[in-house]
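Q: My questions all concern the structure below.
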Amino acid sequence: MSITELFGIDLPIIQAPMAGVQGSALAIAVSRAGGLGSLPGAMLTADTLAREITAIRAATDRPFNVNFFCHTPPVPDAKREAAWRSALLPYYREFGIDPQGIASGPGRSPFSAELAEAIAPFRPPVVSFHFGLPAPELLAHVKGWGARVLSSATTVEEALWLEAHGADAIIAQGLEAGGHRGIFLTDDLSTQTGTFALLPRIVSAVRIPVIAAGGIADATGVAAALALGAAGVQVGTAYMLCPEATTSPVHRAALQSPEAGHTALTRLFTGRPARGIVNRFMREIGPLNPLAPAFPLATAAVAPLRAAAESQGNADFSPLWCGQNPLGCRNIGAGELTRALAGKV
């Protein structure tokens, strides 16, 4: 079954939810164009989430997706946090930052009963998850209003787990994808494969629709994924230069620079592997430095460095999320891009 049938949309395109670089405006533009716009909820409070969904509902009657993380919050480790901040001390000194004044905090929250109650009155037609699925009672609550449920799989084993635990469709996230890996059954990054190696294996292993994601940024890539059995395609990086995105000026500049061709998986910014453009911080401290606290606790210590560097117009300490195929990034409206991805322009 194509996702056009599954979700009641016109085009087999899902705009990937991208926390930190978008709000409701991008989702609205994509949904209006006939794709499935997505709103990232992992960094939003319940009140903000409700306001953003209200904006979507006011702007379009087309289907949309709301996305959440499903991680288990880690127990804070004071020794690891101290070691992490010690490693960052030379950078704090460089920017004149007092490390004693840096607050700690997760920055990202997993799906919870509070968030479920916040979105329930809006009955989002699609709810997607990253890092597995929520607790059975929360999943049942979401399905109770008729929502279709998606989640990301980075291996065949994860796809089978998602199918067995209630997903209605699976996003096959290839290694090329920008942002956080959806990996959740293991921490072993050697299990990760490219989109067009992963996609047919998952398609043959499960009975539910499979959506391709990772490195797909134009109509040719979309057509190739559909030819390999995908029910649709999820695209993220290509939307980051659209005027409806809230991508920062330094991030926009990086996406259009030669450096965008050099990405790597890094734990530095959040504590969990995510693909971004290699910058000074990643080069000097190592993109997978084991000192970074568990997700999402690594964020707090880096945040003031990011703010200080960006105030000077550089992205040395910014998480420049980007997939391995940035060539599809275009400074055009998200609706036009959605139609172009589907070969309609």
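Residue names in the structure tokens use chain letters A, B, ... in the order shown, residue numbers from 1 in each chain, and ligand numbers from 1 in the order shown.
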Once you count only C-alpha atoms, what closest atom pair and distance in Å to one decimal does each residue of segment 212-304 of chain A within 12 Å of segment 172-191 of chain A have, with rows by chain and rising residue number, as JSON lines?

A:
{"residue": "A:Ala212", "atom": "CA", "partner": "A:Ala172", "partner_atom": "CA", "distance": 5.1}
{"residue": "A:Ala213", "atom": "CA", "partner": "A:Gln173", "partner_atom": "CA", "distance": 4.8}
{"residue": "A:Gly214", "atom": "CA", "partner": "A:Ala177", "partner_atom": "CA", "distance": 3.7}
{"residue": "A:Gly215", "atom": "CA", "partner": "A:Glu176", "partner_atom": "CA", "distance": 5.0}
{"residue": "A:Ile216", "atom": "CA", "partner": "A:Ala177", "partner_atom": "CA", "distance": 8.4}
{"residue": "A:Ala217", "atom": "CA", "partner": "A:Ala177", "partner_atom": "CA", "distance": 10.5}
{"residue": "A:Ala225", "atom": "CA", "partner": "A:Ala172", "partner_atom": "CA", "distance": 10.7}
{"residue": "A:Gly229", "atom": "CA", "partner": "A:Ala172", "partner_atom": "CA", "distance": 11.4}
{"residue": "A:Ala230", "atom": "CA", "partner": "A:Ala172", "partner_atom": "CA", "distance": 9.0}
{"residue": "A:Ala231", "atom": "CA", "partner": "A:Ala172", "partner_atom": "CA", "distance": 10.8}
{"residue": "A:Gly232", "atom": "CA", "partner": "A:Ala172", "partner_atom": "CA", "distance": 10.4}
{"residue": "A:Val233", "atom": "CA", "partner": "A:Ala172", "partner_atom": "CA", "distance": 9.3}
{"residue": "A:Gln234", "atom": "CA", "partner": "A:Gln173", "partner_atom": "CA", "distance": 9.0}
{"residue": "A:Val235", "atom": "CA", "partner": "A:Ala177", "partner_atom": "CA", "distance": 8.9}
{"residue": "A:Gly236", "atom": "CA", "partner": "A:Gly178", "partner_atom": "CA", "distance": 7.4}
{"residue": "A:Thr237", "atom": "CA", "partner": "A:Gly178", "partner_atom": "CA", "distance": 6.6}
{"residue": "A:Ala238", "atom": "CA", "partner": "A:Gly178", "partner_atom": "CA", "distance": 10.2}
{"residue": "A:Tyr239", "atom": "CA", "partner": "A:Gly178", "partner_atom": "CA", "distance": 11.7}
{"residue": "A:Met240", "atom": "CA", "partner": "A:Gly178", "partner_atom": "CA", "distance": 11.0}
{"residue": "A:Leu255", "atom": "CA", "partner": "A:Gly178", "partner_atom": "CA", "distance": 11.7}
{"residue": "A:Ala260", "atom": "CA", "partner": "A:Gly178", "partner_atom": "CA", "distance": 11.2}
{"residue": "A:Gly261", "atom": "CA", "partner": "A:Glu176", "partner_atom": "CA", "distance": 11.6}
{"residue": "A:His262", "atom": "CA", "partner": "A:Glu176", "partner_atom": "CA", "distance": 11.5}
{"residue": "A:Thr263", "atom": "CA", "partner": "A:Gly178", "partner_atom": "CA", "distance": 8.7}
{"residue": "A:Ala264", "atom": "CA", "partner": "A:Gly178", "partner_atom": "CA", "distance": 9.2}
{"residue": "A:Leu265", "atom": "CA", "partner": "A:His180", "partner_atom": "CA", "distance": 8.6}
{"residue": "A:Thr266", "atom": "CA", "partner": "A:His180", "partner_atom": "CA", "distance": 9.1}
{"residue": "A:Arg267", "atom": "CA", "partner": "A:His180", "partner_atom": "CA", "distance": 9.3}
{"residue": "A:Leu268", "atom": "CA", "partner": "A:His180", "partner_atom": "CA", "distance": 11.8}
{"residue": "A:Phe269", "atom": "CA", "partner": "A:His180", "partner_atom": "CA", "distance": 10.6}
{"residue": "A:Thr270", "atom": "CA", "partner": "A:His180", "partner_atom": "CA", "distance": 9.2}
{"residue": "A:Gly271", "atom": "CA", "partner": "A:His180", "partner_atom": "CA", "distance": 10.1}
{"residue": "A:Arg272", "atom": "CA", "partner": "A:His180", "partner_atom": "CA", "distance": 7.0}
{"residue": "A:Pro273", "atom": "CA", "partner": "A:His180", "partner_atom": "CA", "distance": 5.9}
{"residue": "A:Ala274", "atom": "CA", "partner": "A:His180", "partner_atom": "CA", "distance": 3.8}
{"residue": "A:Arg275", "atom": "CA", "partner": "A:Gly178", "partner_atom": "CA", "distance": 4.7}
{"residue": "A:Gly276", "atom": "CA", "partner": "A:Gly178", "partner_atom": "CA", "distance": 6.2}
{"residue": "A:Ile277", "atom": "CA", "partner": "A:Gly178", "partner_atom": "CA", "distance": 9.1}
{"residue": "A:Leu288", "atom": "CA", "partner": "A:Leu189", "partner_atom": "CA", "distance": 10.9}
{"residue": "A:Ala294", "atom": "CA", "partner": "A:Asp187", "partner_atom": "CA", "distance": 11.8}
{"residue": "A:Phe295", "atom": "CA", "partner": "A:His180", "partner_atom": "CA", "distance": 10.7}
{"residue": "A:Pro296", "atom": "CA", "partner": "A:His180", "partner_atom": "CA", "distance": 11.2}

Q: From a DSSP calculation on the backbone, collect every residue of segment 136-333 of chain A in alpha helix (DSSP H) and output the set as a ChimeraX atom specification.

A: /A:136-144,156-164,195-205,219-227,249-255,280-285,299-311

Q: Give the answer as one residue: which of A:Pro124, A:Gly166, A:Gly132, A:Pro293 has the shortest atom-to-atom distance to Gly146 of chain A, using only C-alpha atoms?

A: A:Pro124

Q: Quick one: contact table of segment 31-100 of chain A to segment 313-330 of chain A, 12 Å max, nearest atom pair and distance in Å to one decimal per residue, counting only C-alpha atoms, chain and number order, as JSON lines?

A:
{"residue": "A:Leu88", "atom": "CA", "partner": "A:Phe317", "partner_atom": "CA", "distance": 11.1}
{"residue": "A:Tyr91", "atom": "CA", "partner": "A:Phe317", "partner_atom": "CA", "distance": 9.7}
{"residue": "A:Tyr92", "atom": "CA", "partner": "A:Phe317", "partner_atom": "CA", "distance": 11.5}
{"residue": "A:Phe95", "atom": "CA", "partner": "A:Phe317", "partner_atom": "CA", "distance": 11.5}

Q: For the residues in the current selection, export N, CA, C and O atoms as an mmCIF file, in the first residue's frame.

A:
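File selection_24.cif, as written:
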data_model
loop_
_atom_site.group_PDB
_atom_site.id
_atom_site.type_symbol
_atom_site.label_atom_id
_atom_site.label_comp_id
_atom_site.auth_asym_id
_atom_site.auth_seq_id
_atom_site.Cartn_x
_atom_site.Cartn_y
_atom_site.Cartn_z
ATOM 1 N N LEU A 88 35.815 20.415 27.877
ATOM 2 C CA LEU A 88 35.390 21.628 27.179
ATOM 3 C C LEU A 88 36.001 22.894 27.762
ATOM 4 O O LEU A 88 35.810 23.983 27.197
ATOM 5 N N TYR A 91 37.688 25.588 25.634
ATOM 6 C CA TYR A 91 36.754 26.353 24.807
ATOM 7 C C TYR A 91 36.000 27.383 25.651
ATOM 8 O O TYR A 91 35.742 28.504 25.197
ATOM 9 N N TYR A 92 35.639 27.012 26.876
ATOM 10 C CA TYR A 92 35.001 27.982 27.764
ATOM 11 C C TYR A 92 35.924 29.188 27.978
ATOM 12 O O TYR A 92 35.489 30.345 27.959
ATOM 13 N N PHE A 95 36.088 31.621 25.001
ATOM 14 C CA PHE A 95 34.933 32.508 24.828
ATOM 15 C C PHE A 95 34.571 33.278 26.103
ATOM 16 O O PHE A 95 33.571 33.986 26.128
#

Q: Mind checking which residues fall within 10 Å of segment 150-161 of chain A, counting only C-alpha atoms, ignoring those fewer than 2 positions away in the same chain, and posting them as a ChimeraX atom specification?

A: /A:65,67-70,126-133,147-148,163-175,181-186,189,191-195,198-213

Q: Selected residues, C-alpha atoms, written as a PDB file, in the first residue's frame, please.

A:
ATOM      1  CA  ASN A  65       2.354  14.194  11.317  1.00  0.00           C
ATOM      2  CA  ASN A  67       6.842  13.377  15.885  1.00  0.00           C
ATOM      3  CA  PHE A  68       8.285  12.402  19.272  1.00  0.00           C
ATOM      4  CA  PHE A  69      11.334  10.699  20.736  1.00  0.00           C
ATOM      5  CA  CYS A  70      10.993   7.479  22.755  1.00  0.00           C
ATOM      6  CA  VAL A 126      -0.236  10.530  11.919  1.00  0.00           C
ATOM      7  CA  VAL A 127       2.099  10.259  14.908  1.00  0.00           C
ATOM      8  CA  SER A 128       5.688   9.163  14.392  1.00  0.00           C
ATOM      9  CA  PHE A 129       8.393   8.114  16.814  1.00  0.00           C
ATOM     10  CA  HIS A 130      12.179   7.913  16.881  1.00  0.00           C
ATOM     11  CA  PHE A 131      14.159   5.397  18.986  1.00  0.00           C
ATOM     12  CA  GLY A 132      11.438   2.747  19.020  1.00  0.00           C
ATOM     13  CA  LEU A 133       7.880   3.096  20.266  1.00  0.00           C
ATOM     14  CA  ALA A 147      -3.830   7.858  14.299  1.00  0.00           C
ATOM     15  CA  ARG A 148      -1.479   5.977  12.034  1.00  0.00           C
ATOM     16  CA  GLU A 163       5.953  -4.389  13.208  1.00  0.00           C
ATOM     17  CA  ALA A 164       5.449  -6.760  16.148  1.00  0.00           C
ATOM     18  CA  HIS A 165       4.838  -3.897  18.571  1.00  0.00           C
ATOM     19  CA  GLY A 166       2.201  -1.973  16.652  1.00  0.00           C
ATOM     20  CA  ALA A 167       3.712   0.298  14.001  1.00  0.00           C
ATOM     21  CA  ASP A 168       1.473   0.852  10.964  1.00  0.00           C
ATOM     22  CA  ALA A 169       4.416   1.666   8.701  1.00  0.00           C
ATOM     23  CA  ILE A 170       8.196   1.702   9.034  1.00  0.00           C
ATOM     24  CA  ILE A 171      10.693   4.367   8.051  1.00  0.00           C
ATOM     25  CA  ALA A 172      13.804   2.596   6.768  1.00  0.00           C
ATOM     26  CA  GLN A 173      16.483   5.095   7.805  1.00  0.00           C
ATOM     27  CA  GLY A 174      19.675   4.622   5.853  1.00  0.00           C
ATOM     28  CA  LEU A 175      23.107   5.618   7.096  1.00  0.00           C
ATOM     29  CA  ARG A 181      20.028   7.842  13.987  1.00  0.00           C
ATOM     30  CA  GLY A 182      16.841   6.005  14.904  1.00  0.00           C
ATOM     31  CA  ILE A 183      18.908   3.061  16.192  1.00  0.00           C
ATOM     32  CA  PHE A 184      17.367   1.575  19.340  1.00  0.00           C
ATOM     33  CA  LEU A 185      18.021  -2.177  19.704  1.00  0.00           C
ATOM     34  CA  THR A 186      21.801  -1.806  19.934  1.00  0.00           C
ATOM     35  CA  LEU A 189      27.041   1.533  14.706  1.00  0.00           C
ATOM     36  CA  THR A 191      25.021  -2.519  12.074  1.00  0.00           C
ATOM     37  CA  GLN A 192      24.078   0.594  10.083  1.00  0.00           C
ATOM     38  CA  THR A 193      23.782   0.413   6.290  1.00  0.00           C
ATOM     39  CA  GLY A 194      22.911   2.704   3.404  1.00  0.00           C
ATOM     40  CA  THR A 195      19.343   3.396   2.348  1.00  0.00           C
ATOM     41  CA  LEU A 198      18.568  -1.446   3.828  1.00  0.00           C
ATOM     42  CA  LEU A 199      15.309  -0.686   2.023  1.00  0.00           C
ATOM     43  CA  PRO A 200      14.809  -3.902   0.012  1.00  0.00           C
ATOM     44  CA  ARG A 201      15.796  -6.046   2.988  1.00  0.00           C
ATOM     45  CA  ILE A 202      13.161  -4.445   5.198  1.00  0.00           C
ATOM     46  CA  VAL A 203      10.550  -4.529   2.414  1.00  0.00           C
ATOM     47  CA  SER A 204      11.045  -8.283   2.061  1.00  0.00           C
ATOM     48  CA  ALA A 205      11.011  -8.867   5.841  1.00  0.00           C
ATOM     49  CA  VAL A 206       7.800  -7.079   6.904  1.00  0.00           C
ATOM     50  CA  ARG A 207       4.187  -6.982   5.776  1.00  0.00           C
ATOM     51  CA  ILE A 208       3.481  -3.306   6.490  1.00  0.00           C
ATOM     52  CA  PRO A 209       4.427  -0.330   4.268  1.00  0.00           C
ATOM     53  CA  VAL A 210       8.052   0.812   4.289  1.00  0.00           C
ATOM     54  CA  ILE A 211       9.126   4.421   3.795  1.00  0.00           C
ATOM     55  CA  ALA A 212      12.645   5.140   2.549  1.00  0.00           C
ATOM     56  CA  ALA A 213      14.756   7.822   4.232  1.00  0.00           C
TER      57      ALA A 213
END

Q: Kindly give the distance, in Å, that separates atom CA of Leu36 of chain A and atom CA of Thr4 of chain A, rounded to a single decimal.

A: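 Going from atom CA of Leu36 of chain A over to atom CA of Thr4 of chain A, I get 9.1 Å.
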
Q: Looking at only C-alpha atoms, which of A:Pro121, A:Gly107, A:Pro136, A:Gly96 is the one that sits closest to Ala19 of chain A?

A: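 Ranking A:Pro121, A:Gly107, A:Pro136, A:Gly96 by distance to Ala19 of chain A, first place goes to A:Gly107.
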
Q: Give me, as a ChimeraX atom specification, all polymer residues having an atom no more than 8 Å from Cys242 of chain A, counting only C-alpha atoms and skipping those fewer than 5 positions away in the same chain.

A: /A:330-334

Q: For the strand (DSSP E) assignment from backbone DSSP, which residues of segment 157-237 of chain A qualify? Please present them as a list in words.

A: Ala169, Ile170, Ile171, Ala172, Gln173, Gly179, His180, Val210, Ile211, Ala212, Ala213, Gly232, Val233, Gln234 and Val235 of chain A

Q: Please produce a file of the residues just selected, as a tab-separated table (two decimals), in the first residue's frame, where the atoms kept are N, CA, C and O atoms.

A:
chain	number	residue	atom	x	y	z
A	169	ALA	N	3.47	1.57	9.80
A	169	ALA	CA	4.42	1.67	8.70
A	169	ALA	C	5.79	1.92	9.30
A	169	ALA	O	5.91	2.40	10.44
A	170	ILE	N	6.82	1.61	8.54
A	170	ILE	CA	8.20	1.70	9.03
A	170	ILE	C	8.99	2.64	8.15
A	170	ILE	O	8.92	2.56	6.92
A	171	ILE	N	9.76	3.51	8.78
A	171	ILE	CA	10.69	4.37	8.05
A	171	ILE	C	12.05	3.67	8.05
A	171	ILE	O	12.66	3.50	9.12
A	172	ALA	N	12.50	3.24	6.89
A	172	ALA	CA	13.80	2.60	6.77
A	172	ALA	C	14.85	3.70	6.66
A	172	ALA	O	15.02	4.31	5.60
A	173	GLN	N	15.55	3.98	7.76
A	173	GLN	CA	16.48	5.10	7.81
A	173	GLN	C	17.89	4.62	7.47
A	173	GLN	O	18.56	3.96	8.25
A	179	GLY	N	20.83	14.20	10.90
A	179	GLY	CA	20.20	14.18	12.21
A	179	GLY	C	20.40	12.86	12.93
A	179	GLY	O	21.26	12.05	12.57
A	180	HIS	N	19.58	12.65	13.95
A	180	HIS	CA	19.76	11.50	14.84
A	180	HIS	C	19.45	10.17	14.16
A	180	HIS	O	18.43	10.03	13.49
A	210	VAL	N	6.71	0.36	3.92
A	210	VAL	CA	8.05	0.81	4.29
A	210	VAL	C	8.35	2.12	3.57
A	210	VAL	O	8.13	2.24	2.36
A	211	ILE	N	8.82	3.09	4.31
A	211	ILE	CA	9.13	4.42	3.80
A	211	ILE	C	10.64	4.60	3.79
A	211	ILE	O	11.29	4.38	4.81
A	212	ALA	N	11.20	4.98	2.66
A	212	ALA	CA	12.65	5.14	2.55
A	212	ALA	C	13.08	6.51	3.05
A	212	ALA	O	12.41	7.52	2.79
A	213	ALA	N	14.22	6.56	3.73
A	213	ALA	CA	14.76	7.82	4.23
A	213	ALA	C	16.28	7.76	4.26
A	213	ALA	O	16.85	6.73	4.60
A	232	GLY	N	6.70	5.04	0.04
A	232	GLY	CA	6.84	6.48	0.03
A	232	GLY	C	8.24	6.83	0.47
A	232	GLY	O	9.06	5.95	0.76
A	233	VAL	N	8.53	8.12	0.52
A	233	VAL	CA	9.88	8.58	0.85
A	233	VAL	C	9.80	9.70	1.87
A	233	VAL	O	8.92	10.57	1.79
A	234	GLN	N	10.71	9.69	2.85
A	234	GLN	CA	10.82	10.78	3.81
A	234	GLN	C	12.08	11.58	3.49
A	234	GLN	O	13.16	11.01	3.36
A	235	VAL	N	11.93	12.90	3.39
A	235	VAL	CA	13.04	13.78	3.01
A	235	VAL	C	13.20	14.86	4.07
A	235	VAL	O	12.22	15.48	4.48

Q: Within 12 Å of Ala82 of chain A, counting only C-alpha atoms, which residues qualify if same-chain residues fewer than 6 places away don't, as a compact mmCIF listing (two decimals) with all heavy atoms, in the first residue's frame?

A:
# COMPACT_ATOMS: atom_id res chain seq x y z
N PRO A 76 21.45 10.89 35.61
CA PRO A 76 22.62 11.78 35.54
C PRO A 76 23.83 11.19 36.23
O PRO A 76 23.73 10.60 37.31
CB PRO A 76 22.14 13.05 36.25
CG PRO A 76 20.64 13.02 36.08
CD PRO A 76 20.27 11.57 36.17
N LEU A 88 35.81 20.41 27.88
CA LEU A 88 35.39 21.63 27.18
C LEU A 88 36.00 22.89 27.76
O LEU A 88 35.81 23.98 27.20
CB LEU A 88 33.86 21.75 27.24
CG LEU A 88 33.05 20.59 26.64
CD1 LEU A 88 31.56 20.91 26.72
CD2 LEU A 88 33.46 20.30 25.21
N LEU A 89 36.75 22.77 28.86
CA LEU A 89 37.27 23.95 29.57
C LEU A 89 38.09 24.88 28.67
O LEU A 89 37.94 26.11 28.78
CB LEU A 89 38.08 23.49 30.78
CG LEU A 89 38.49 24.59 31.77
CD1 LEU A 89 37.26 25.33 32.30
CD2 LEU A 89 39.27 23.97 32.94
N PRO A 99 32.17 28.17 33.45
CA PRO A 99 31.49 26.87 33.45
C PRO A 99 30.61 26.64 34.67
O PRO A 99 29.67 25.85 34.62
CB PRO A 99 32.64 25.86 33.40
CG PRO A 99 33.84 26.60 33.87
CD PRO A 99 33.64 28.03 33.47
N GLN A 100 30.89 27.36 35.76
CA GLN A 100 30.07 27.18 36.96
C GLN A 100 28.66 27.73 36.77
O GLN A 100 27.74 27.37 37.51
CB GLN A 100 30.74 27.88 38.15
CG GLN A 100 32.12 27.35 38.49
CD GLN A 100 32.12 25.86 38.80
OE1 GLN A 100 31.25 25.37 39.51
NE2 GLN A 100 33.09 25.14 38.24
N ILE A 102 26.83 27.36 34.04
CA ILE A 102 26.11 26.63 33.01
C ILE A 102 25.12 25.66 33.65
O ILE A 102 25.51 24.77 34.42
CB ILE A 102 27.08 25.85 32.10
CG1 ILE A 102 28.05 26.82 31.43
CG2 ILE A 102 26.30 25.06 31.04
CD1 ILE A 102 29.15 26.12 30.66
N SER A 104 22.36 22.60 33.90
CA SER A 104 22.25 21.27 33.31
C SER A 104 20.78 21.02 32.98
O SER A 104 19.89 21.68 33.51
CB SER A 104 22.77 20.21 34.26
OG SER A 104 22.05 20.22 35.47
N LEU A 291 33.46 10.77 26.14
CA LEU A 291 33.19 11.59 27.32
C LEU A 291 31.82 12.24 27.28
O LEU A 291 31.28 12.63 28.32
CB LEU A 291 34.26 12.68 27.47
CG LEU A 291 35.67 12.21 27.84
CD1 LEU A 291 36.60 13.41 27.90
CD2 LEU A 291 35.66 11.46 29.17
N ALA A 292 31.25 12.40 26.08
CA ALA A 292 29.94 13.04 25.98
C ALA A 292 28.91 12.27 26.80
O ALA A 292 28.77 11.06 26.65
CB ALA A 292 29.50 13.11 24.52
N PRO A 293 28.18 12.95 27.68
CA PRO A 293 27.17 12.26 28.51
C PRO A 293 26.09 11.62 27.67
O PRO A 293 25.89 11.95 26.49
CB PRO A 293 26.61 13.40 29.37
CG PRO A 293 27.70 14.41 29.43
CD PRO A 293 28.35 14.35 28.08
N ALA A 298 24.22 15.59 26.98
CA ALA A 298 25.43 16.26 26.47
C ALA A 298 25.15 17.69 26.04
O ALA A 298 26.06 18.52 25.98
CB ALA A 298 26.01 15.45 25.31
N ALA A 301 26.08 21.39 28.25
CA ALA A 301 27.44 21.93 28.36
C ALA A 301 27.91 22.59 27.08
O ALA A 301 28.77 23.48 27.11
CB ALA A 301 28.39 20.82 28.78

Q: Fewer than 3 positions away in the same chain doesn't count, so skip those; otherwise give me all residues within 7 Å of Pro63 of chain A, counting only C-alpha atoms, as a PyMOL selection string.

A: chain A and resi 7+9+31+36+125

Q: Next, write the just-selected residues to a file, as a PDB file, in the first residue's frame, keeping N, CA and C atoms as the atom set.

A:
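This went into again.pdb:
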ATOM      1  N   PHE A   7      -2.291   7.427   4.270  1.00  0.00           N
ATOM      2  CA  PHE A   7      -2.454   8.697   4.985  1.00  0.00           C
ATOM      3  C   PHE A   7      -3.470   9.643   4.349  1.00  0.00           C
ATOM      4  N   ILE A   9      -3.048  11.298   1.425  1.00  0.00           N
ATOM      5  CA  ILE A   9      -2.332  12.424   0.843  1.00  0.00           C
ATOM      6  C   ILE A   9      -2.204  12.232  -0.662  1.00  0.00           C
ATOM      7  N   SER A  31       2.078  19.968   3.696  1.00  0.00           N
ATOM      8  CA  SER A  31       0.752  19.347   3.672  1.00  0.00           C
ATOM      9  C   SER A  31      -0.151  20.006   2.629  1.00  0.00           C
ATOM     10  N   LEU A  36       3.045  14.949   3.242  1.00  0.00           N
ATOM     11  CA  LEU A  36       2.741  14.853   4.662  1.00  0.00           C
ATOM     12  C   LEU A  36       3.724  15.734   5.416  1.00  0.00           C
ATOM     13  N   PRO A 125      -3.638  12.945  12.596  1.00  0.00           N
ATOM     14  CA  PRO A 125      -3.872  11.714  11.834  1.00  0.00           C
ATOM     15  C   PRO A 125      -2.667  10.790  11.758  1.00  0.00           C
TER      16      PRO A 125
END

Q: Using only C-alpha atoms, find the one residue out of A:Ile97, A:Val30, A:Ala25, A:Ile13 that sits nearest to Ala308 of chain A.

A: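 With only C-alpha atoms as the atom set, the closest residue is A:Ile97.
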
Q: Write out as a VMD selection string which residues come within 8 Å of Arg108 of chain A when counting only C-alpha atoms, dropping same-chain ones fewer than 2 positions away.

A: chain A and resid 42 to 43 106 110 296

Q: Rounded to one decimal place, report the atom CA of Met282 of chain A-atom CA of Val250 of chain A distance in Å.

A: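 Interatomic distance here is 16.1 Å.
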